[in-house]
file final.txt (compact mmCIF, C-alpha atoms)
# COMPACT_ATOMS: atom_id res chain seq x y z
CA MET A 176 128.83 464.60 15.02
CA ALA A 177 130.54 461.30 15.35
CA LEU A 178 132.58 460.56 18.44
CA HIS A 179 136.02 462.14 18.56
CA THR A 180 138.90 459.67 18.83
CA LEU A 181 142.28 460.98 19.85
CA GLU A 182 145.37 458.77 19.62
CA PHE A 183 148.91 459.74 20.55
CA GLU A 184 152.10 458.43 22.16
CA LEU A 185 154.24 459.92 24.88
CA GLU A 186 157.96 459.13 25.00
CA THR A 187 159.08 458.18 28.49
CA THR A 188 162.79 458.26 29.16
CA SER A 189 163.21 458.49 32.92
CA GLY A 190 160.18 456.53 34.18
CA THR A 191 160.48 453.38 36.27
CA ALA A 192 156.89 452.43 37.18
CA SER A 193 155.05 449.75 35.23
CA ILE A 194 151.54 448.28 35.13
CA PRO A 195 151.50 444.76 36.64
CA ALA A 196 148.07 443.73 35.31
CA PRO A 197 145.31 445.10 33.06
CA THR A 198 142.97 447.30 35.10
CA HIS A 199 139.63 448.97 34.50
CA VAL A 200 138.14 451.74 36.64
CA GLY A 201 135.24 454.15 36.46
CA VAL A 202 131.95 454.48 34.64
CA THR A 203 131.33 456.73 31.63
CA GLY A 204 128.77 458.67 33.63
CA SER A 205 127.99 462.33 33.10
CA SER A 206 131.15 464.44 33.69
CA ASP A 207 133.05 461.24 34.33
CA LEU A 208 135.17 458.72 32.44
CA GLU A 209 136.40 455.14 32.47
CA VAL A 210 140.00 454.07 32.09
CA ILE A 211 141.69 450.87 30.96
CA LEU A 212 145.37 450.64 31.91
CA GLU A 213 147.42 447.87 30.35
CA PRO A 214 151.05 446.81 30.60
CA ALA A 215 153.38 447.79 27.76
CA PRO A 216 157.16 447.81 27.26
CA ALA A 217 159.07 450.75 28.78
CA GLY A 218 159.86 453.69 26.54
CA LYS A 219 156.44 454.94 25.58
CA VAL A 220 152.87 455.35 26.77
CA ALA A 221 150.26 454.80 24.06
CA VAL A 222 147.02 456.66 24.58
CA ARG A 223 143.58 456.35 22.98
CA ILE A 224 140.79 458.67 24.06
CA VAL A 225 137.18 458.51 22.86
CA THR A 226 135.14 461.58 23.75
CA PRO A 227 132.18 463.62 22.51
CA VAL A 228 134.21 466.79 23.10
CA THR A 229 136.35 468.36 20.37
CA GLY A 230 138.91 471.15 20.49
CA PHE A 231 140.82 470.06 23.59
CA ASP A 232 143.42 467.73 22.08
CA GLU A 233 146.37 469.71 23.44
CA LEU A 234 144.83 469.80 26.91
CA TRP A 235 144.33 466.01 26.87
CA LYS A 236 148.00 465.55 25.99
CA ARG A 237 149.06 467.86 28.82
CA VAL A 238 146.88 466.08 31.37
CA VAL A 239 148.14 462.61 30.39
CA LYS A 240 151.74 463.90 30.36
CA LYS A 241 151.26 465.31 33.85
CA PHE A 242 150.01 461.89 34.94
CA THR A 243 152.95 459.97 33.43
CA ASP A 244 155.47 462.50 34.79
CA GLU A 245 154.04 462.54 38.32
CA THR A 246 153.79 458.76 38.54
CA ALA A 247 157.10 458.09 36.72
CA LEU A 248 155.32 455.67 34.40
CA ALA A 249 157.75 453.87 32.11
CA GLY A 250 155.41 452.08 29.76
CA ALA A 251 151.66 451.54 29.45
CA ARG A 252 148.63 451.50 27.21
CA ILE A 253 145.90 453.87 28.30
CA GLU A 254 142.38 453.79 26.89
CA ILE A 255 139.75 456.27 27.97
CA ASN A 256 136.03 456.57 27.31
CA ASP A 257 135.19 460.10 28.34
CA ASN A 258 131.88 461.84 28.90
CA ASN A 259 132.74 465.52 29.41
CA ALA A 260 135.01 465.05 32.42
CA THR A 261 137.10 468.01 33.59
CA PRO A 262 140.93 467.73 33.51
CA ALA A 263 141.04 467.36 37.31
CA VAL A 264 138.65 464.41 37.21
CA VAL A 265 140.66 462.83 34.38
CA LEU A 266 143.85 463.06 36.42
CA LEU A 267 142.15 461.60 39.50
CA ARG A 268 140.74 458.64 37.57
CA LEU A 269 144.12 457.93 35.96
CA LYS A 270 145.76 457.92 39.38
CA GLN A 271 142.97 455.73 40.77
CA ALA A 272 143.55 453.25 37.93
CA LEU A 273 147.27 453.11 38.62
CA THR A 274 146.71 452.68 42.36
CA GLN A 275 144.30 449.85 41.69
CA ALA A 276 146.62 448.24 39.13
CA THR A 277 149.56 448.21 41.51
CA ALA A 278 147.46 447.13 44.54
CA ALA A 279 146.12 444.01 42.82
CA MET B 1408 138.70 444.83 41.47
CA SER B 1409 137.05 445.70 44.74
CA ASN B 1410 137.72 443.67 47.84
CA TRP B 1411 134.85 441.20 48.35
CA LYS B 1412 134.90 441.40 52.16
CA ASN B 1413 134.78 445.21 52.14
CA LEU B 1414 131.87 445.13 49.71
CA GLN B 1415 129.58 443.07 51.93
CA SER B 1416 128.63 445.80 54.39
CA ARG B 1417 128.45 448.46 51.71
CA SER B 1418 125.17 450.13 50.75
CA PHE B 1419 123.64 448.29 47.80
CA LEU B 1420 122.06 451.59 46.73
CA GLU B 1421 125.44 453.24 46.29
CA SER B 1422 127.30 450.30 44.75
CA SER B 1423 128.31 450.14 41.11
CA ALA B 1424 127.00 447.40 38.85
CA ARG B 1425 130.36 445.58 38.93
CA ASP B 1426 130.64 445.72 42.73
CA ARG B 1427 127.09 444.37 43.04
CA ALA B 1428 127.84 441.49 40.65
CA LEU B 1429 131.06 440.70 42.48
CA GLY B 1430 129.61 440.92 45.98
CA LEU B 1431 126.38 438.98 45.45
CA VAL B 1432 128.14 435.69 44.66
CA ASP B 1433 130.67 433.82 46.82
CA GLU B 1434 134.10 435.36 47.35
CA GLY B 1435 136.43 434.99 44.41
CA THR B 1436 133.95 433.09 42.23
CA PHE B 1437 132.85 435.84 39.84
CA THR B 1438 134.08 435.67 36.25
CA GLU B 1439 132.97 438.49 34.01
CA LEU B 1440 131.88 437.63 30.46
CA ALA B 1441 132.02 440.22 27.66
CA GLY B 1442 133.60 442.62 30.16
CA PRO B 1443 135.29 445.98 29.63
CA PHE B 1444 138.49 444.43 28.28
CA ASP B 1445 136.48 442.96 25.40
CA ARG B 1446 135.55 446.53 24.47
CA VAL B 1447 132.14 445.79 23.01
CA THR B 1448 130.77 449.32 22.77
CA SER B 1449 127.55 450.63 21.23
CA PRO B 1450 127.91 451.44 17.51
CA HIS B 1451 124.76 453.59 17.66
CA LEU B 1452 126.04 455.95 20.35
CA ALA B 1453 129.32 456.41 18.48
CA LEU B 1454 127.40 457.44 15.34
CA LEU B 1455 125.39 459.95 17.34
CA GLY B 1456 128.52 461.36 18.91
CA ASP B 1457 127.53 460.27 22.41
CA ALA B 1458 129.94 458.83 24.97
CA VAL B 1459 130.32 455.04 24.95
CA ALA B 1460 131.23 452.53 27.67
CA PHE B 1461 133.51 449.50 27.35
CA ASP B 1462 130.80 447.29 28.88
CA ASP B 1463 127.81 449.23 27.45
CA GLY B 1464 126.57 449.77 31.00
CA ILE B 1465 125.86 446.13 31.83
CA VAL B 1466 128.02 443.68 33.77
CA THR B 1467 127.43 440.03 32.93
CA GLY B 1468 129.14 436.96 34.24
CA VAL B 1469 128.98 433.80 36.25
CA GLY B 1470 129.78 432.93 39.85
CA ARG B 1471 128.71 430.58 42.58
CA ILE B 1472 126.61 430.69 45.73
CA GLY B 1473 127.31 427.56 47.75
CA LYS B 1474 126.85 424.73 45.25
CA THR B 1475 124.69 426.77 42.90
CA PRO B 1476 126.08 428.21 39.67
CA VAL B 1477 124.80 431.79 39.45
CA PHE B 1478 124.57 433.70 36.17
CA VAL B 1479 124.64 437.40 37.02
CA ILE B 1480 123.38 440.41 35.07
CA SER B 1481 123.95 443.81 36.68
CA GLN B 1482 122.95 447.16 35.18
CA GLU B 1483 124.90 450.39 35.72
CA GLY B 1484 122.61 453.38 36.24
CA LYS B 1485 125.37 455.94 35.90
CA PHE B 1486 125.80 455.12 32.21
CA ILE B 1487 122.80 456.72 30.43
CA GLY B 1488 120.46 455.75 33.26
CA GLY B 1489 121.19 452.03 32.88
CA SER B 1490 119.28 452.10 29.60
CA VAL B 1491 119.21 448.92 27.50
CA GLY B 1492 120.54 449.17 23.96
CA GLU B 1493 121.64 446.61 21.40
CA ILE B 1494 124.90 445.51 23.04
CA GLY B 1495 123.71 445.56 26.65
CA GLY B 1496 120.51 443.81 25.59
CA ALA B 1497 122.45 441.10 23.76
CA LYS B 1498 124.59 440.60 26.88
CA MET B 1499 121.44 440.11 28.99
CA VAL B 1500 119.80 437.76 26.51
CA ASN B 1501 122.87 435.61 26.04
CA THR B 1502 123.61 435.36 29.75
CA ILE B 1503 120.14 433.90 30.37
CA LYS B 1504 120.51 431.69 27.29
CA LEU B 1505 123.88 430.50 28.58
CA ALA B 1506 122.27 429.58 31.92
CA ILE B 1507 119.54 427.58 30.16
CA ASP B 1508 122.00 425.77 27.87
CA PHE B 1509 124.25 425.05 30.84
CA HIS B 1510 121.27 423.68 32.77
CA ASP B 1511 120.24 421.41 29.88
CA ASP B 1512 123.76 420.06 29.39
CA LEU B 1513 124.20 419.50 33.09
CA VAL B 1514 120.90 417.68 33.55
CA ALA B 1515 121.55 415.50 30.48
CA LYS B 1516 124.96 414.52 31.83
CA TYR B 1517 124.03 414.19 35.50
CA PRO B 1518 120.34 413.20 35.76
CA ASP B 1519 120.32 412.94 39.58
CA LEU B 1520 121.63 416.45 40.24
CA SER B 1521 120.27 418.09 43.40
CA ASP B 1522 118.29 421.34 43.16
CA ALA B 1523 121.14 423.22 44.81
CA GLU B 1524 123.50 422.21 42.01
CA LYS B 1525 121.31 423.58 39.21
CA PRO B 1526 121.96 427.10 37.90
CA VAL B 1527 119.97 430.26 38.67
CA VAL B 1528 119.98 433.70 37.06
CA VAL B 1529 120.21 436.86 39.15
CA ILE B 1530 119.41 440.23 37.57
CA SER B 1531 120.36 443.40 39.44
CA PHE B 1532 118.13 446.01 37.80
CA GLU B 1533 119.07 449.67 37.56
CA THR B 1534 117.39 451.04 34.48
CA GLY B 1535 114.62 453.10 32.96
CA GLY B 1536 114.22 450.58 30.14
CA VAL B 1537 114.90 451.18 26.44
CA ARG B 1538 117.85 453.39 25.43
CA LEU B 1539 116.13 455.93 23.21
CA HIS B 1540 119.29 456.50 21.11
CA GLU B 1541 118.89 452.94 19.78
CA ALA B 1542 115.24 452.40 20.53
CA ASN B 1543 114.42 449.70 17.96
CA ALA B 1544 117.38 447.55 18.99
CA GLY B 1545 116.61 448.24 22.65
CA LEU B 1546 112.94 447.26 22.31
CA LEU B 1547 113.89 444.13 20.43
CA ALA B 1548 116.32 443.29 23.24
CA HIS B 1549 113.46 443.62 25.77
CA ALA B 1550 111.36 441.18 23.74
CA GLU B 1551 114.28 438.76 23.48
CA VAL B 1552 114.89 438.91 27.24
CA MET B 1553 111.19 438.15 27.80
CA ASP B 1554 111.50 435.23 25.39
CA GLN B 1555 114.47 433.86 27.36
CA LEU B 1556 112.57 434.28 30.66
CA GLN B 1557 109.81 432.09 29.23
CA LYS B 1558 112.35 429.53 28.06
CA ALA B 1559 113.99 429.55 31.50
CA ARG B 1560 110.69 428.99 33.26
CA GLY B 1561 110.39 425.70 35.07
CA LYS B 1562 114.11 425.07 34.54
CA VAL B 1563 116.30 427.95 35.62
CA PRO B 1564 114.93 430.27 38.33
CA VAL B 1565 115.36 433.98 37.55
CA ILE B 1566 115.66 436.25 40.58
CA ALA B 1567 115.38 440.05 40.37
CA VAL B 1568 117.26 442.19 42.90
CA ILE B 1569 116.17 445.82 43.00
CA GLY B 1570 117.79 448.39 45.27
CA SER B 1571 119.74 450.80 43.09
CA LYS B 1572 119.38 454.54 42.49
CA VAL B 1573 117.56 454.49 39.16
CA GLY B 1574 115.16 451.71 40.16
CA ALA B 1575 113.56 449.35 37.63
CA PHE B 1576 111.25 451.19 35.27
CA GLY B 1577 110.01 451.29 31.71
CA GLY B 1578 110.24 448.10 29.68
CA MET B 1579 112.58 446.64 32.29
CA GLY B 1580 109.77 447.11 34.86
CA PHE B 1581 107.85 444.56 32.77
CA VAL B 1582 110.90 442.29 32.61
CA ALA B 1583 111.38 442.50 36.39
CA ALA B 1584 107.70 441.65 36.92
CA ALA B 1585 108.14 438.59 34.69
CA THR B 1586 110.95 437.09 36.80
CA ASP B 1587 110.27 434.30 39.31
CA ALA B 1588 111.15 436.15 42.51
CA ILE B 1589 111.80 439.79 43.38
CA ILE B 1590 114.04 440.92 46.24
CA MET B 1591 113.93 444.65 47.06
CA SER B 1592 115.40 447.00 49.61
CA GLU B 1593 113.31 449.89 50.91
CA PHE B 1594 115.30 452.18 48.59
CA GLY B 1595 114.58 450.04 45.57
CA ARG B 1596 111.90 451.33 43.21
CA LEU B 1597 109.83 449.34 40.76
CA GLY B 1598 107.23 450.45 38.25
CA LEU B 1599 106.35 450.84 34.60
CA THR B 1600 106.10 454.56 33.91
CA GLY B 1601 108.64 456.35 36.09
CA PRO B 1602 107.72 459.40 38.20
CA GLU B 1603 109.35 461.97 35.90
CA VAL B 1604 107.57 460.58 32.85
CA ILE B 1605 104.17 460.61 34.59
CA GLU B 1606 104.73 464.23 35.57
CA GLN B 1607 105.86 465.14 32.07
CA GLU B 1608 102.86 463.50 30.40
CA MET B 1609 100.09 464.13 32.93
CA GLY B 1610 101.21 467.24 34.80
CA LYS B 1611 102.44 468.04 38.29
CA GLU B 1612 98.88 467.87 39.71
CA GLU B 1613 98.72 464.20 38.73
CA PHE B 1614 102.16 463.24 40.03
CA ASP B 1615 104.81 465.50 41.54
CA ALA B 1616 108.09 463.73 40.75
CA SER B 1617 110.03 466.08 43.05
CA ASP B 1618 107.99 464.85 46.04
CA ARG B 1619 110.36 462.12 47.25
CA ALA B 1620 107.94 460.82 49.88
CA LEU B 1621 105.22 460.42 47.24
CA VAL B 1622 107.65 458.70 44.87
CA TYR B 1623 108.75 456.21 47.55
CA ARG B 1624 105.31 455.41 48.88
CA THR B 1625 104.13 454.76 45.31
CA THR B 1626 107.10 452.93 43.78
CA GLY B 1627 109.41 452.15 46.72
CA GLY B 1628 110.30 448.80 48.27
CA ARG B 1629 108.08 449.08 51.34
CA HIS B 1630 105.00 449.73 49.21
CA LYS B 1631 105.86 446.99 46.72
CA TYR B 1632 106.34 444.55 49.62
CA ILE B 1633 102.93 445.37 51.10
CA MET B 1634 101.30 445.02 47.67
CA GLY B 1635 102.98 441.67 47.02
CA ASP B 1636 104.80 442.99 43.93
CA ALA B 1637 108.06 442.22 45.72
CA ASN B 1638 108.47 438.83 47.42
CA PHE B 1639 111.14 439.87 49.90
CA LEU B 1640 112.31 443.07 51.53
CA VAL B 1641 115.93 443.16 52.74
CA GLU B 1642 118.33 445.62 54.30
CA ASP B 1643 120.23 447.99 52.01
CA THR B 1644 123.60 446.22 52.02
CA ILE B 1645 125.17 443.87 49.50
CA GLU B 1646 125.23 441.17 52.19
CA GLY B 1647 121.54 441.84 52.91
CA PHE B 1648 120.64 440.95 49.33
CA ARG B 1649 123.23 438.18 49.24
CA ALA B 1650 121.82 436.49 52.36
CA LYS B 1651 118.42 436.23 50.70
CA LEU B 1652 120.03 434.81 47.54
CA VAL B 1653 121.82 432.23 49.71
CA ASP B 1654 118.38 431.16 51.03
CA LEU B 1655 116.78 431.05 47.59
CA ALA B 1656 119.54 429.57 45.41
CA PRO B 1657 119.19 425.90 46.54
CA LEU B 1658 115.37 425.82 46.35
CA PRO B 1659 113.60 423.55 43.85
CA VAL B 1660 112.20 425.27 40.79
CA ALA B 1661 108.61 424.49 41.89
CA ASP B 1662 109.11 426.79 44.89
CA PHE B 1663 109.97 429.61 42.51
CA GLU B 1664 106.84 428.97 40.49
CA ALA B 1665 104.87 429.65 43.67
CA MET B 1666 106.69 432.97 44.18
CA ARG B 1667 105.63 434.30 40.77
CA ARG B 1668 103.16 437.15 40.76
CA ILE B 1669 101.99 436.60 37.18
CA GLY B 1670 102.05 433.84 34.60
CA SER B 1671 99.19 431.39 35.25
CA PRO B 1672 95.37 431.55 35.16
CA GLU B 1673 95.34 431.51 39.00
CA LYS B 1674 97.80 434.40 39.19
CA VAL B 1675 95.74 436.38 36.66
CA GLU B 1676 92.67 435.72 38.78
CA HIS B 1677 94.51 437.09 41.79
CA GLN B 1678 95.69 440.17 39.91
CA LEU B 1679 92.13 440.81 38.71
CA LYS B 1680 90.97 440.76 42.33
CA LEU B 1681 93.50 443.50 43.05
CA VAL B 1682 92.14 445.51 40.11
CA ALA B 1683 88.60 445.02 41.41
CA LEU B 1684 89.70 446.19 44.85
CA ALA B 1685 91.28 449.31 43.35
CA ALA B 1686 88.07 450.05 41.43
CA GLU B 1687 85.99 449.58 44.58
CA MET B 1688 88.31 451.52 46.91
CA GLN B 1689 89.31 454.37 44.58
CA PRO B 1690 92.40 454.97 46.77
CA LYS B 1691 93.75 458.53 46.74
CA ASP B 1692 97.17 457.46 48.01
CA ALA B 1693 99.19 454.33 48.73
CA VAL B 1694 98.51 454.92 52.44
CA ASP B 1695 94.80 454.13 51.87
CA VAL B 1696 95.77 450.68 50.59
CA TRP B 1697 98.16 450.09 53.51
CA ALA B 1698 95.29 450.83 55.90
CA LYS B 1699 93.04 448.47 53.92
CA ALA B 1700 95.71 445.77 54.36
CA GLY B 1701 95.15 446.09 58.10
CA ASN B 1702 97.98 448.39 59.11
CA GLU B 1703 96.74 450.59 61.96
CA ASN B 1704 99.63 453.02 61.70
CA ALA B 1705 99.39 453.35 57.89
CA PRO B 1706 100.41 457.04 57.54
CA GLY B 1707 103.48 456.52 59.73
CA LEU B 1708 104.55 453.27 58.13
CA LEU B 1709 107.35 454.80 56.06
CA ASP B 1710 109.00 456.24 59.19
CA VAL B 1711 109.05 453.00 61.19
CA PRO B 1712 112.61 451.57 61.47
CA PHE B 1713 113.32 448.86 58.91
CA ALA B 1714 113.47 445.86 61.28
CA GLU B 1715 110.23 446.87 62.98
CA PHE B 1716 108.56 447.43 59.62
CA VAL B 1717 109.48 443.99 58.29
CA GLY B 1718 108.50 442.39 61.59
CA SER B 1719 105.10 443.97 61.98
CA VAL B 1720 103.77 445.11 58.60
CA LYS B 1721 100.59 443.51 57.27
CA ARG B 1722 100.68 442.72 53.59
CA LEU B 1723 97.65 443.11 51.34
CA SER B 1724 95.69 439.93 50.69
CA VAL B 1725 92.67 439.65 48.44
call {"tool": "encode", "arguments": {"input": "final.txt", "output": "structure tokens"}}
result
Amino acid sequence: MALHTLEFELETTSGTASIPAPTHVGVTGSSDLEVILEPAPAGKVAVRIVTPVTGFDELWKRVVKKFTDETALAGARIEINDNNATPAVVLLRLKQALTQATAA
Amino acid sequence: MSNWKNLQSRSFLESSARDRALGLVDEGTFTELAGPFDRVTSPHLALLGDAVAFDDGIVTGVGRIGKTPVFVISQEGKFIGGSVGEIGGAKMVNTIKLAIDFHDDLVAKYPDLSDAEKPVVVISFETGGVRLHEANAGLLAHAEVMDQLQKARGKVPVIAVIGSKVGAFGGMGFVAAATDAIIMSEFGRLGLTGPEVIEQEMGKEEFDASDRALVYRTTGGRHKYIMGDANFLVEDTIEGFRAKLVDLAPLPVADFEAMRRIGSPEKVEHQLKLVALAAEMQPKDAVDVWAKAGNENAPGLLDVPFAEFVGSVKRLSV
């Protein structure tokens, strides 16, 4: 019943991109999510996801890995409050957060 | 962070709570307090297994308009309908309290401060009231906000801005009514029991919540402006609302007292006259009241372009 919290780390070996400043995007609306991206030393991306949905832990890991691979992220802390967003929406919001973080 | 200049021309209706808070005050002056990075989320929702938000659906902070310090509260309708729970409620209460304390300190230190230099509170409502998942805490928060509004009275003007999707309903409809001045856009909606709840409780014959025209001519900005429930009607842009705030912010607190719709024996007298008029007229629709106010083209009043409407509409006086 309680909220599901998923925490994991992704090793990043080849990434070069970093987060210049802490960034927040999105609203935990229905089928949506909010993301906090924070700077962290290169080498790993730490992820914390809070969601009402259970049973998709592997899918979450794949989506975040796709994001870090595609954006060549070297190090970051990602926190997500999710409200039943689809993987495509998750990926879009993560990319939006990174765009906003690097534009600031 | 959104770009302040780009925000100005944006539809207020479609703007997020944070963009509204940012855009209503002067460029670059907004500082968020208890924001998403503080991660104060609702403990009740987590227990129930419902999604939480880093800011609990309310943006609070402080900025400036001209010389006036502006304490801003902005509700996010996309997060559980902008409902007010324990955390969001505490953020509202303490923002108003902060404004009052700041005012008292400032006046004690600088006794000959001009009106323009004294703080105001701006609340951008987008809510149906109490969050039912944490109803006791939410109700208590409503009472505490009311308490702060009373404490602010005669010191710190509280201005309501209403023009977001969800409108201002439920307990927060009461709170909005208890502020000093109300600015609405024609897409803003204000009331106590929202359309869906009326339909659910009283049936579709009583109120058809899917009838958008009915909803807007009963709760919408144009109607509220004619009735005197809203003081000002502005265009649906952030700069539209902001321009009105720029006008209001430097005014002396006595001017705000005059804008109130409730809160003194005279105002009660006036409200009772409206009740008597309703009893005498037995209006079947808002249009009947618009005609009574002296509008010849009452049935077509919702279709008149905004500028023409504001320029020519006759408001109800009793």
call {"tool": "closest_residue", "arguments": {"input": "final.txt", "among": "B:Leu1652, B:Leu1723, B:Ala1460, B:Ala1588", "to": "Ala1665 of chain B", "atoms": "all atoms listed in the file"}}
result
B:Ala1588
call {"tool": "closest_residue", "arguments": {"input": "final.txt", "among": "A:Thr226, A:Thr188, A:Thr246, A:Thr274", "to": "chain B", "atoms": "only C-alpha atoms"}}
result
A:Thr226
call {"tool": "interface_residues", "arguments": {"input": "final.txt", "of": "chain B", "to": "chain A", "cutoff": "6 Å", "atoms": "all atoms listed in the file", "output": "list in words"}}
result
Ala1453, Leu1454, Leu1455, Gly1456, Asp1457, Ala1458, Ala1460, Lys1485 and Phe1486 of chain B
call {"tool": "residues_near_point", "arguments": {"input": "final.txt", "point": "(119.0, 440.4, 40.8)", "cutoff": "10 Å", "atoms": "all atoms listed in the file", "output": "list of chain:residue names"}}
result
B:Arg1427, B:Ala1428, B:Leu1431, B:Phe1478, B:Val1479, B:Ile1480, B:Ser1481, B:Gln1482, B:Val1528, B:Val1529, B:Ile1530, B:Ser1531, B:Phe1532, B:Glu1533, B:Val1565, B:Ile1566, B:Ala1567, B:Val1568, B:Ile1569, B:Gly1570, B:Ala1583, B:Thr1586, B:Ala1588, B:Ile1589, B:Ile1590, B:Met1591, B:Phe1648, B:Arg1649, B:Leu1652
call {"tool": "write_last_selection", "arguments": {"input": "final.txt", "atoms": "C-alpha atoms", "output": "CSV table (one decimal), keeping the file's coordinate frame"}}
result
chain,number,residue,atom,x,y,z
B,1427,ARG,CA,127.1,444.4,43.0
B,1428,ALA,CA,127.8,441.5,40.6
B,1431,LEU,CA,126.4,439.0,45.4
B,1478,PHE,CA,124.6,433.7,36.2
B,1479,VAL,CA,124.6,437.4,37.0
B,1480,ILE,CA,123.4,440.4,35.1
B,1481,SER,CA,124.0,443.8,36.7
B,1482,GLN,CA,123.0,447.2,35.2
B,1528,VAL,CA,120.0,433.7,37.1
B,1529,VAL,CA,120.2,436.9,39.2
B,1530,ILE,CA,119.4,440.2,37.6
B,1531,SER,CA,120.4,443.4,39.4
B,1532,PHE,CA,118.1,446.0,37.8
B,1533,GLU,CA,119.1,449.7,37.6
B,1565,VAL,CA,115.4,434.0,37.6
B,1566,ILE,CA,115.7,436.2,40.6
B,1567,ALA,CA,115.4,440.0,40.4
B,1568,VAL,CA,117.3,442.2,42.9
B,1569,ILE,CA,116.2,445.8,43.0
B,1570,GLY,CA,117.8,448.4,45.3
B,1583,ALA,CA,111.4,442.5,36.4
B,1586,THR,CA,111.0,437.1,36.8
B,1588,ALA,CA,111.2,436.2,42.5
B,1589,ILE,CA,111.8,439.8,43.4
B,1590,ILE,CA,114.0,440.9,46.2
B,1591,MET,CA,113.9,444.6,47.1
B,1648,PHE,CA,120.6,441.0,49.3
B,1649,ARG,CA,123.2,438.2,49.2
B,1652,LEU,CA,120.0,434.8,47.5
call {"tool": "atom_distance", "arguments": {"input": "final.txt", "atom1": "atom CA of Gly1495 of chain B", "atom2": "atom CA of Gly1464 of chain B"}}
result
6.7 Å
call {"tool": "residues_near_point", "arguments": {"input": "final.txt", "point": "(151.1, 464.3, 40.2)", "cutoff": "9 Å", "atoms": "only C-alpha atoms", "output": "PDB file with C-alpha atoms, in the frame of the given file"}}
result
ATOM      1  CA  LYS A 241     151.260 465.310  33.850  1.00  0.00           C
ATOM      2  CA  PHE A 242     150.010 461.890  34.940  1.00  0.00           C
ATOM      3  CA  THR A 243     152.950 459.970  33.430  1.00  0.00           C
ATOM      4  CA  ASP A 244     155.470 462.500  34.790  1.00  0.00           C
ATOM      5  CA  GLU A 245     154.040 462.540  38.320  1.00  0.00           C
ATOM      6  CA  THR A 246     153.790 458.760  38.540  1.00  0.00           C
ATOM      7  CA  LEU A 266     143.850 463.060  36.420  1.00  0.00           C
ATOM      8  CA  LYS A 270     145.760 457.920  39.380  1.00  0.00           C
TER       9      LYS A 270
END
call {"tool": "atom_distance", "arguments": {"input": "final.txt", "atom1": "atom CA of Glu1606 of chain B", "atom2": "atom CA of Met1688 of chain B"}}
result
23.7 Å
call {"tool": "atom_distance", "arguments": {"input": "final.txt", "atom1": "atom CA of Glu1703 of chain B", "atom2": "atom CA of Arg1722 of chain B"}}
result
12.1 Å
call {"tool": "residues_around", "arguments": {"input": "final.txt", "residues": "Glu1434 of chain B", "least_positions_apart": "2", "cutoff": "7 Å", "atoms": "all atoms listed in the file", "output": "list in words"}}
result
Trp1411, Val1432 and Thr1436 of chain B
call {"tool": "closest_residue", "arguments": {"input": "final.txt", "among": "A:Ala249, A:Gly190, A:Leu269, A:Ala263", "to": "Val220 of chain A", "atoms": "only C-alpha atoms"}}
result
A:Ala249
call {"tool": "closest_residue", "arguments": {"input": "final.txt", "among": "A:Ile253, A:Ala247, A:Ala221, A:Ala215", "to": "Leu185 of chain A", "atoms": "all atoms listed in the file"}}
result
A:Ala221
call {"tool": "residues_around", "arguments": {"input": "final.txt", "residues": "Pro262 of chain A", "least_positions_apart": "3", "cutoff": "8 Å", "atoms": "all atoms listed in the file", "output": "list in words"}}
result
Leu234, Trp235, Val238, Val265 and Leu266 of chain A
call {"tool": "write_last_selection", "arguments": {"input": "final.txt", "atoms": "C-alpha atoms", "output": "PDB file, keeping the file's coordinate frame"}}
result
ATOM      1  CA  LEU A 234     144.830 469.800  26.910  1.00  0.00           C
ATOM      2  CA  TRP A 235     144.330 466.010  26.870  1.00  0.00           C
ATOM      3  CA  VAL A 238     146.880 466.080  31.370  1.00  0.00           C
ATOM      4  CA  VAL A 265     140.660 462.830  34.380  1.00  0.00           C
ATOM      5  CA  LEU A 266     143.850 463.060  36.420  1.00  0.00           C
TER       6      LEU A 266
END
call {"tool": "closest_residue", "arguments": {"input": "final.txt", "among": "B:Pro1526, B:Pro1712, B:Gly1489, B:Gly1545", "to": "Lys1504 of chain B", "atoms": "all atoms listed in the file"}}
result
B:Pro1526
call {"tool": "residues_around", "arguments": {"input": "final.txt", "residues": "Lys219 of chain A", "least_positions_apart": "4", "cutoff": "6 Å", "atoms": "all atoms listed in the file", "output": "JSON, numbers by chain"}}
result
{"A": [185, 186, 187, 250]}
call {"tool": "residues_around", "arguments": {"input": "final.txt", "residues": "Leu1440 of chain B", "least_positions_apart": "6", "cutoff": "8 Å", "atoms": "only C-alpha atoms", "output": "CSV table (one decimal) with C-alpha atoms, keeping the file's coordinate frame"}}
result
chain,number,residue,atom,x,y,z
B,1466,VAL,CA,128.0,443.7,33.8
B,1467,THR,CA,127.4,440.0,32.9
B,1468,GLY,CA,129.1,437.0,34.2
B,1469,VAL,CA,129.0,433.8,36.2
call {"tool": "residues_around", "arguments": {"input": "final.txt", "residues": "Gly1718 of chain B", "least_positions_apart": "6", "cutoff": "12 Å", "atoms": "all atoms listed in the file", "output": "mmCIF file with C-alpha atoms, in the frame of the given file"}}
result
data_model
loop_
_atom_site.group_PDB
_atom_site.id
_atom_site.type_symbol
_atom_site.label_atom_id
_atom_site.label_comp_id
_atom_site.auth_asym_id
_atom_site.auth_seq_id
_atom_site.Cartn_x
_atom_site.Cartn_y
_atom_site.Cartn_z
ATOM 1 C CA LEU B 1640 112.310 443.070 51.530
ATOM 2 C CA VAL B 1641 115.930 443.160 52.740
ATOM 3 C CA VAL B 1711 109.050 453.000 61.190
ATOM 4 C CA PRO B 1712 112.610 451.570 61.470
#
call {"tool": "closest_residue", "arguments": {"input": "final.txt", "among": "B:Ile1633, B:Phe1437, B:Leu1452, B:Pro1602", "to": "Asp1618 of chain B", "atoms": "all atoms listed in the file"}}
result
B:Pro1602
